[in-house]
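A short write-up of the structure that comes next.
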Amino acid sequence: MATESYDSSNIRVLEGLEAVRLRPGMYIGQTNEQGLHHLVWEVIDNSVDEHLGGHCDRIEVTIHEDNSLTVQDNGRGIPVDIKPEFGVSAAEIVLTKLHAGGKFDANSYKVSAGLHGVGVSCVNALSEWLHLEIWRDKQTWEQDYEIGVPKAPLKATGKSGSKRGTKITFKPDGSILTVTEFNFDTLSTRFRQLAFLNKGLTITLTDERQEGEGGAAFKTAEFFYAGGVSEFIKLLNKGKSTLHDKPMHFEGQREGPTGTFMIELAIQYNDTYGDQVFSFVNNINTIDGGPHLSGFRSALTRTINYYGTQAGLFKEKEQLSGDDVREGLTAVLSIKLPGAQFESQTKGKLTTDVQGAIATFVNEKLGEFFDKNPQVMKRIVSKAIDAYRAREAARKARDLTRRKGALDSGGLPGKLADCQEKDPERCEIYLVEGESAGGTAKSGRDRRFQAILPLKGKILNVEKARVDRMLGHEEIRAMITAIGTGIQSDFDPARLRYHKIIIMTDADVDGSHIRTLLLTFFFRQMQELILRGHVFVAQPPLYRIKKGKSEKYIKDDKEFTKEILRRATENVKIELPDATVMEGTELRNFLIQLDEFQQVFRRMERRLRDPRVVEALVNAEALDKKEDFAEKASVEKLHVAMTAVGLDAKLVHEEEHSSWRVIYKDPTNAERSIDVELASQPEYRRLRNFARQIAKFNNPPFKVVREGVVKDSVDNWRALLEYLKTEGTREINVQRYKGLGEMNAEQLWETTMDPEKRTLLKVNLEDIVQSDVIFNTLMGEDVENRRKFIEENALDVRNLDV
Amino acid sequence: MNCPICKKKVELTDPFMPFCSQRCKTIDLGNWASGKYVISSPLTPEDILETAVDTAEEA
């Protein structure tokens, strides 16, 4: 380009200048502050165009005390030769003829800003005065204007040596512009943007109206970005955490409908959910986009989908949309396009069709980058997948509250058996698992104030041989609709339809799973109902004991054991070898201790895999504290006891705790250890405590005395416990309820629903935090954790209860 | 505790507890709505029997 000449023959005149002062709005938009700064953009555009042409790397802007303003560049200088058909200098034509400028000749400038294309002549026309100075071909040239009219022709005024460039100083005309004070921030914002968009260009701004910091004469700012748009990206992402350290930066040339054009693109993802994408054409921010932006967007979506598919990151049917791939995107696209066409006066939207060219560019460059940086690619794809899933989830969440499906005329779920009472304070709703239990509850309730909503919570997955406990879409919908408060941002506790929400599930593990699901749902999505004390858990009985005409309902296993042991000790005494006789409360407490001991024993047995080892631990003398394991003699005794019952065990010294341990082989031939670590387990301590408590009376054989006569003799504590449990269930009829459905309506009312007799557990937040932890483990995606949890708690329903 | 969706740390006093944000809370609701939360246990003969009875009753 430098080889082509730039003189007056390059300048073409398009239109006269007369109308500008008459209708300034037509040329600079408005005559307010915006219009005032528009004048600066017009002037600086010429200098930036010199930079785009490769002739200028520094622009200095100065605001003077009287609000006149100077723009000086080190470009080639406006041509000064006389344009034959006008008889004046080319510079004067540029300054006085509307739409005159090198930019209208594609040979001189490949691209130009174009937005402000009315030209510097407009500025001249709207200035009280304007001073032009040009350094070109070692000469200095000067000319002065008043309201656009030259006071004299352009004149050579001195020698400039090697200095080159153009300097224009103008004072906006206060009789036309309503604002004449330049704003430092407005100017610096635009200059910073120009510096980002024009890598290597330095723009300085000096404000002679204001003192600078630290004693400097004037307030100044300098903008220079060697990294170009990448540095713009860094500024936009400042303080955000990014998915990759360095912005991607792509540059290149492509062929467009108007010839070769330059593309510069920088991309960086951060972890937010918004996007910031700026597109520029010839330094103009195209806020309404256009083919260049569409090309970028479509290529981004296509490339990310392509790489995600190649890397196998999608689950079936997942297809990322533009919105998905733009979450967290910060991007700046800048093109320098010769002959750019825009849709409207404001130039917010490009119309030149470069979509295909840009799309190809982005596909190619982004693809190359992803090939070289697979880790970054995976992070970006994963982020987009998260966005996709969030959008899908939000869509499904919205569907929940759409009015469709099984609702009755009042908008309530068809499955709901509502109550007659309308005052929410007096109303209750039972959430009942299972159709049959729901049916029983419907017959048993007091329909005046009790509503029943049966929920289906169980799905057999016969193929995979498992039972899935879950609340389906319809169940969740029915529940939300019946409760009436709405959900998420629509949630309003004032619309609550029942002040007691009662979860009623079977008293078994399955029931506790459904209960956990329901509580977790309330905790996560309707927490306020818990905080306000509206959520309860019903306590259906687990046993019914019947003797003759009297009935008794019992809520759990522990209470059941107590009850039958109480019955057993009504008629029976126990005589020990030393003639001690145990009876009544003392006997009953001993038996309850035995029962608990037996449970701890079983639990230890599951851990240690061999009852003989547990027995040896029970009988060991002093093996409780850490120090006990430091005594070789104590641990040795255990070792002897274990070997005596035929266990393959050895005594080992342990450096780590300077203590002793016994290592033995369990029935599967795996090595297990009795050591300090085991002794620190609560279960171990409970086992030892119970062993001490029962020791006093654990003195077989036990003689069973009924009505003063010795009926039997049993020779160990286990047998004694068994014997008396059987004794306690004599002459009574025991029914264990596997589920609510086994009770009839009357029984369910009497035991669980009658406000006079029932016990309800009010759910509080602490219970529920715990429930959420359990829930997370139970249903979590961490399969390994879940397997461990279920294994460890397989028979321990206690841990699943809330 | 950690946000059930994104695992970010959440304090008991945070406005969306146990979630970190409205967004994660919405995702959670979407998961409920699409039956993503499942507690599974091995199938027992009783389960099969019970289902057979239920199905018969429904029919």
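The chains in the structure tokens are called A, B, ... from first to last as shown; in each chain the residues are counted from 1, and the ligands are counted from 1 in the order shown.
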
| 9 Å contact set for Lys8 of chain B, only C-alpha atoms, chain neighbours under 5 positions out, as a list in words |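 Those residues are Met1, Asn2, Cys3, Phe19 and Cys20 of chain B.
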
Mind writing the picked residues with N, CA and C atoms as a CSV table (one decimal), in the first residue's frame?
chain,number,residue,atom,x,y,z
B,1,MET,N,-22.1,-27.4,54.9
B,1,MET,CA,-22.6,-28.4,54.0
B,1,MET,C,-22.3,-27.9,52.5
B,2,ASN,N,-22.5,-28.8,51.6
B,2,ASN,CA,-22.2,-28.4,50.2
B,2,ASN,C,-23.5,-28.4,49.4
B,3,CYS,N,-23.5,-27.5,48.4
B,3,CYS,CA,-24.7,-27.4,47.5
B,3,CYS,C,-24.9,-28.7,46.9
B,19,PHE,N,-28.8,-24.7,48.9
B,19,PHE,CA,-28.2,-24.4,47.6
B,19,PHE,C,-27.4,-23.2,47.7
B,20,CYS,N,-26.5,-23.0,46.7
B,20,CYS,CA,-25.6,-21.9,46.6
B,20,CYS,C,-26.4,-20.7,45.9

Per residue of chain A within 6 Å of chain B, which atom pair is closest and at what distance in Å (one decimal), using only C-alpha atoms, listed by chain and increasing number, as a tab-separated table?
residue	atom	partner	partner_atom	distance
A:Ala390	CA	B:Ile27	CA	5.4
A:Ala393	CA	B:Gly30	CA	3.9
A:Ala394	CA	B:Gly30	CA	5.7
A:Lys396	CA	B:Gly30	CA	5.0
A:Ala397	CA	B:Gly30	CA	4.4
A:Ala465	CA	B:Leu43	CA	5.1
A:Arg466	CA	B:Pro42	CA	4.2
A:Val467	CA	B:Ser41	CA	5.2
A:Asp468	CA	B:Ser40	CA	4.4
A:Arg469	CA	B:Ile39	CA	4.9
A:Met470	CA	B:Val38	CA	4.8
A:Gly472	CA	B:Gly35	CA	5.0
A:His473	CA	B:Ala33	CA	4.6
A:Leu778	CA	B:Ile39	CA	6.0
A:Met779	CA	B:Ile39	CA	5.1

| message | DSSP on the backbone, helix (DSSP H, G or I) only: what residues of chain B does that give? Format it as a PyMOL selection string. | response | chain B and resi 22-33+45-58

| task | For atom CA of Asp386 of chain A and atom CA of Lys317 of chain A, determine how far apart the two atoms are, in Å to one decimal place. | result |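 Calculated distance between atom CA of Asp386 of chain A and atom CA of Lys317 of chain A is 14.6 Å.
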
| query | Near segment 68-79 of chain A, within 8 Å and counting only C-alpha atoms, which residues show up once chain neighbours fewer than 3 positions away are dropped, as JSON, numbers by chain? | reply | {"A": [6, 7, 8, 43, 44, 47, 50, 51, 55, 56, 57, 58, 59, 60, 61, 62, 63, 64, 65, 89, 90, 91, 134, 135, 136, 163, 164, 165, 166, 167, 168, 169, 170, 171, 172]}
